[in-house]
Amino acid sequence: MSIWKKTFTIESLNDKCKNTAIETLGIKITKVDDNTLEGEMPVDSRTHQVHGILHGGASVLFAETLGSIAGIIASKVGYTAVGLDINANHLRGISKGVVVGIASAIHIGRSTQVWDIKIRDKETDKLICISRLTVAVIEEKK
């Protein structure tokens with residue numbers, strides 16, 4: 001049984017990200033199944049830090065993007081999700097390629113949700129970063 005409460009397509013999710021930091025960093029939602037949301041982000045000059053490896057802040061932005069979008073579509077119609085707290089552990093560096101992130105729900109409540117996001121090297125499947133995002137569920141503004 002699916003955890004999603006809103007109607008969407010992958011294309012509609014990506015369209016919402018136009019003209020944002022998400023689009024600037026090349027982040028794309030690539031897959032949604034009954035319980036997880038998956039996306040990809042390139043590791044290149046847009047996402048590097050000064051040593052030529054993936055910037056921790058870019059990893060956190062990627063994690064928050066995946067968890068927030070998942071939170072939005074897991075919220076009842078008329079409600080949305082906004083970030084409250086995020087943490088991340090950067091486990092391994094990567095200098096080029098693509099990272100894949102998967103957001104899975106830990107808790108979907110009436111007023112808060114908690115999401116686990118794992119970011120892996122697309123080529124090797126090695127774990128790059130793990131993150132936990134807490135979002136508040138609020139009424140959408142008209």
# chains A, B, ... in the order shown; residues from 1 in each chain; ligands from 1
$ residues_around --residues "range 77-93 of chain A" --least-positions-apart "2" --cutoff "6 Å" --atoms "only C-alpha atoms" --output "list in words"
Gly71, Ile72, Ser75, Ile128, Cys129, Ile130, Ser131, Arg132, Leu133, Thr134, Val135, Ala136, Val137, Ile138, Glu139 and Glu140 of chain A
$ write_last_selection --atoms "N, CA and C atoms" --output "mmCIF file, in the first residue's frame"
data_model
loop_
_atom_site.group_PDB
_atom_site.id
_atom_site.type_symbol
_atom_site.label_atom_id
_atom_site.label_comp_id
_atom_site.auth_asym_id
_atom_site.auth_seq_id
_atom_site.Cartn_x
_atom_site.Cartn_y
_atom_site.Cartn_z
ATOM 1 N N GLY A 71 7.880 14.354 1.676
ATOM 2 C CA GLY A 71 6.969 14.838 2.710
ATOM 3 C C GLY A 71 5.750 15.540 2.147
ATOM 4 N N ILE A 72 5.958 16.313 1.095
ATOM 5 C CA ILE A 72 4.846 17.032 0.473
ATOM 6 C C ILE A 72 3.829 16.049 -0.102
ATOM 7 N N SER A 75 1.746 14.108 2.456
ATOM 8 C CA SER A 75 0.817 14.904 3.264
ATOM 9 C C SER A 75 -0.562 14.905 2.619
ATOM 10 N N ILE A 128 27.767 7.338 0.480
ATOM 11 C CA ILE A 128 28.474 8.618 0.536
ATOM 12 C C ILE A 128 28.020 9.433 1.749
ATOM 13 N N CYS A 129 26.718 9.442 2.008
ATOM 14 C CA CYS A 129 26.153 10.278 3.059
ATOM 15 C C CYS A 129 24.846 9.666 3.552
ATOM 16 N N ILE A 130 24.621 9.766 4.855
ATOM 17 C CA ILE A 130 23.308 9.411 5.403
ATOM 18 C C ILE A 130 22.759 10.643 6.107
ATOM 19 N N SER A 131 21.460 10.825 5.979
ATOM 20 C CA SER A 131 20.838 12.024 6.523
ATOM 21 C C SER A 131 19.473 11.678 7.106
ATOM 22 N N ARG A 132 19.061 12.476 8.082
ATOM 23 C CA ARG A 132 17.712 12.352 8.631
ATOM 24 C C ARG A 132 17.092 13.743 8.616
ATOM 25 N N LEU A 133 15.895 13.823 8.052
ATOM 26 C CA LEU A 133 15.173 15.087 7.909
ATOM 27 C C LEU A 133 13.852 15.004 8.658
ATOM 28 N N THR A 134 13.573 16.017 9.482
ATOM 29 C CA THR A 134 12.268 16.153 10.124
ATOM 30 C C THR A 134 11.561 17.330 9.470
ATOM 31 N N VAL A 135 10.319 17.109 9.065
ATOM 32 C CA VAL A 135 9.520 18.176 8.464
ATOM 33 C C VAL A 135 8.264 18.403 9.290
ATOM 34 N N ALA A 136 7.788 19.641 9.261
ATOM 35 C CA ALA A 136 6.501 19.985 9.855
ATOM 36 C C ALA A 136 5.451 19.903 8.759
ATOM 37 N N VAL A 137 4.301 19.368 9.100
ATOM 38 C CA VAL A 137 3.176 19.309 8.162
ATOM 39 C C VAL A 137 2.279 20.497 8.492
ATOM 40 N N ILE A 138 2.113 21.387 7.509
ATOM 41 C CA ILE A 138 1.341 22.613 7.723
ATOM 42 C C ILE A 138 0.278 22.758 6.641
ATOM 43 N N GLU A 139 -0.734 23.558 6.935
ATOM 44 C CA GLU A 139 -1.773 23.824 5.962
ATOM 45 C C GLU A 139 -1.192 24.656 4.821
ATOM 46 N N GLU A 140 -1.532 24.276 3.590
ATOM 47 C CA GLU A 140 -1.080 25.034 2.423
ATOM 48 C C GLU A 140 -1.744 26.405 2.413
#
$ select_by_dssp --residues "chain A" --states "helix (DSSP H, G or I)" --output "list in words"
Ile10, Glu11, Ser12, Leu13, Asn14, Asp15, Ala21, Ile22, Glu23, Thr24, Gly56, Gly57, Ala58, Ser59, Val60, Leu61, Phe62, Ala63, Glu64, Thr65, Leu66, Gly67, Ser68, Ile69, Ala70, Gly71, Ile72 and Ile73 of chain A
$ select_by_dssp --residues "range 21-94 of chain A" --states "strand (DSSP E)" --output "ChimeraX atom specification"
/A:28-32,36-43,79-90
$ residues_around --residues "range 26-34 of chain A" --least-positions-apart "3" --cutoff "12 Å" --atoms "only C-alpha atoms" --output "PyMOL selection string"
chain A and resi 1-5+7-23+37-47+58-59+61-70+73-74+98-105
$ atom_distance --atom1 "CA of Gly109 in chain A" --atom2 "CA of Lys141 in chain A"
20.0 Å
$ closest_residue --among "A:Ser95, A:Asp121, A:Trp115, A:Thr24" --to "His51 in chain A" --atoms "only C-alpha atoms"
A:Ser95
$ decode --residues "range 10-23 of chain A" --atoms "all heavy atoms" --output "CSV table (one decimal), in the first residue's frame"
chain,number,residue,atom,x,y,z
A,10,ILE,N,6.4,11.9,-12.0
A,10,ILE,CA,7.8,12.3,-11.9
A,10,ILE,C,8.0,13.6,-12.6
A,10,ILE,O,8.7,14.5,-12.1
A,10,ILE,CB,8.8,11.2,-12.4
A,10,ILE,CG1,8.7,10.0,-11.4
A,10,ILE,CG2,10.2,11.7,-12.5
A,10,ILE,CD1,9.5,8.8,-11.8
A,11,GLU,N,7.4,13.8,-13.8
A,11,GLU,CA,7.6,15.0,-14.5
A,11,GLU,C,7.0,16.2,-13.7
A,11,GLU,O,7.6,17.3,-13.7
A,11,GLU,CB,6.9,14.9,-15.9
A,11,GLU,CG,7.5,13.9,-16.8
A,11,GLU,CD,7.2,12.4,-16.5
A,11,GLU,OE1,6.2,12.1,-15.8
A,11,GLU,OE2,8.0,11.6,-16.9
A,12,SER,N,5.9,16.0,-13.1
A,12,SER,CA,5.3,17.2,-12.4
A,12,SER,C,6.1,17.5,-11.1
A,12,SER,O,6.3,18.7,-10.8
A,12,SER,CB,3.8,16.9,-11.9
A,12,SER,OG,3.8,15.9,-10.9
A,13,LEU,N,6.8,16.5,-10.5
A,13,LEU,CA,7.7,16.8,-9.4
A,13,LEU,C,8.9,17.6,-9.9
A,13,LEU,O,9.3,18.6,-9.2
A,13,LEU,CB,8.1,15.5,-8.7
A,13,LEU,CG,7.0,14.7,-8.0
A,13,LEU,CD1,7.5,13.4,-7.5
A,13,LEU,CD2,6.2,15.5,-7.0
A,14,ASN,N,9.5,17.2,-11.0
A,14,ASN,CA,10.6,17.9,-11.5
A,14,ASN,C,10.3,19.3,-12.0
A,14,ASN,O,11.0,20.2,-11.9
A,14,ASN,CB,11.3,17.1,-12.6
A,14,ASN,CG,12.1,15.9,-12.0
A,14,ASN,OD1,12.9,16.1,-11.1
A,14,ASN,ND2,11.9,14.7,-12.6
A,15,ASP,N,9.1,19.4,-12.6
A,15,ASP,CA,8.6,20.8,-13.0
A,15,ASP,C,8.6,21.8,-11.9
A,15,ASP,O,8.9,22.9,-12.1
A,15,ASP,CB,7.3,20.7,-13.7
A,15,ASP,CG,7.4,20.1,-15.1
A,15,ASP,OD1,8.5,20.0,-15.7
A,15,ASP,OD2,6.3,19.8,-15.7
A,16,LYS,N,8.1,21.3,-10.7
A,16,LYS,CA,8.1,22.2,-9.5
A,16,LYS,C,9.4,22.7,-9.1
A,16,LYS,O,9.5,23.7,-8.4
A,16,LYS,CB,7.4,21.5,-8.3
A,16,LYS,CG,6.0,21.1,-8.5
A,16,LYS,CD,5.1,22.1,-7.9
A,16,LYS,CE,3.7,21.6,-8.0
A,16,LYS,NZ,2.8,22.7,-8.0
A,17,CYS,N,10.5,22.1,-9.6
A,17,CYS,CA,11.9,22.4,-9.1
A,17,CYS,C,12.5,23.4,-10.1
A,17,CYS,O,13.7,23.8,-9.8
A,17,CYS,CB,12.7,21.2,-9.0
A,17,CYS,SG,12.1,20.0,-7.8
A,18,LYS,N,11.8,23.8,-11.1
A,18,LYS,CA,12.4,24.8,-12.1
A,18,LYS,C,12.7,26.1,-11.4
A,18,LYS,O,11.9,26.5,-10.6
A,18,LYS,CB,11.5,24.9,-13.3
A,18,LYS,CG,11.5,23.6,-14.2
A,18,LYS,CD,10.8,23.8,-15.5
A,18,LYS,CE,11.1,22.5,-16.3
A,18,LYS,NZ,10.3,22.5,-17.5
A,19,ASN,N,13.8,26.7,-11.8
A,19,ASN,CA,14.2,28.1,-11.3
A,19,ASN,C,14.4,28.1,-9.8
A,19,ASN,O,14.1,29.0,-9.1
A,19,ASN,CB,13.1,29.1,-11.7
A,19,ASN,CG,13.0,29.2,-13.2
A,19,ASN,OD1,14.0,29.3,-13.9
A,19,ASN,ND2,11.8,29.2,-13.7
A,20,THR,N,15.0,27.0,-9.3
A,20,THR,CA,15.4,26.9,-7.9
A,20,THR,C,16.8,26.4,-7.8
A,20,THR,O,17.4,26.0,-8.8
A,20,THR,CB,14.5,25.9,-7.2
A,20,THR,OG1,14.7,24.5,-7.7
A,20,THR,CG2,13.0,26.2,-7.4
A,21,ALA,N,17.3,26.3,-6.6
A,21,ALA,CA,18.7,25.7,-6.4
A,21,ALA,C,18.7,24.3,-6.8
A,21,ALA,O,19.7,23.8,-7.2
A,21,ALA,CB,19.0,25.8,-4.9
A,22,ILE,N,17.5,23.6,-6.7
A,22,ILE,CA,17.4,22.2,-7.1
A,22,ILE,C,17.8,22.0,-8.6
A,22,ILE,O,18.6,21.2,-8.9
A,22,ILE,CB,16.0,21.7,-6.8
A,22,ILE,CG1,15.7,21.8,-5.3
A,22,ILE,CG2,15.8,20.2,-7.3
A,22,ILE,CD1,14.2,21.7,-5.0
A,23,GLU,N,17.2,22.9,-9.4
A,23,GLU,CA,17.5,22.8,-10.9
A,23,GLU,C,19.0,23.2,-11.1
A,23,GLU,O,19.7,22.6,-11.9
A,23,GLU,CB,16.6,23.7,-11.6
A,23,GLU,CG,16.8,23.7,-13.1
A,23,GLU,CD,15.9,24.6,-13.9
A,23,GLU,OE1,15.8,25.8,-13.5
A,23,GLU,OE2,15.3,24.2,-14.9
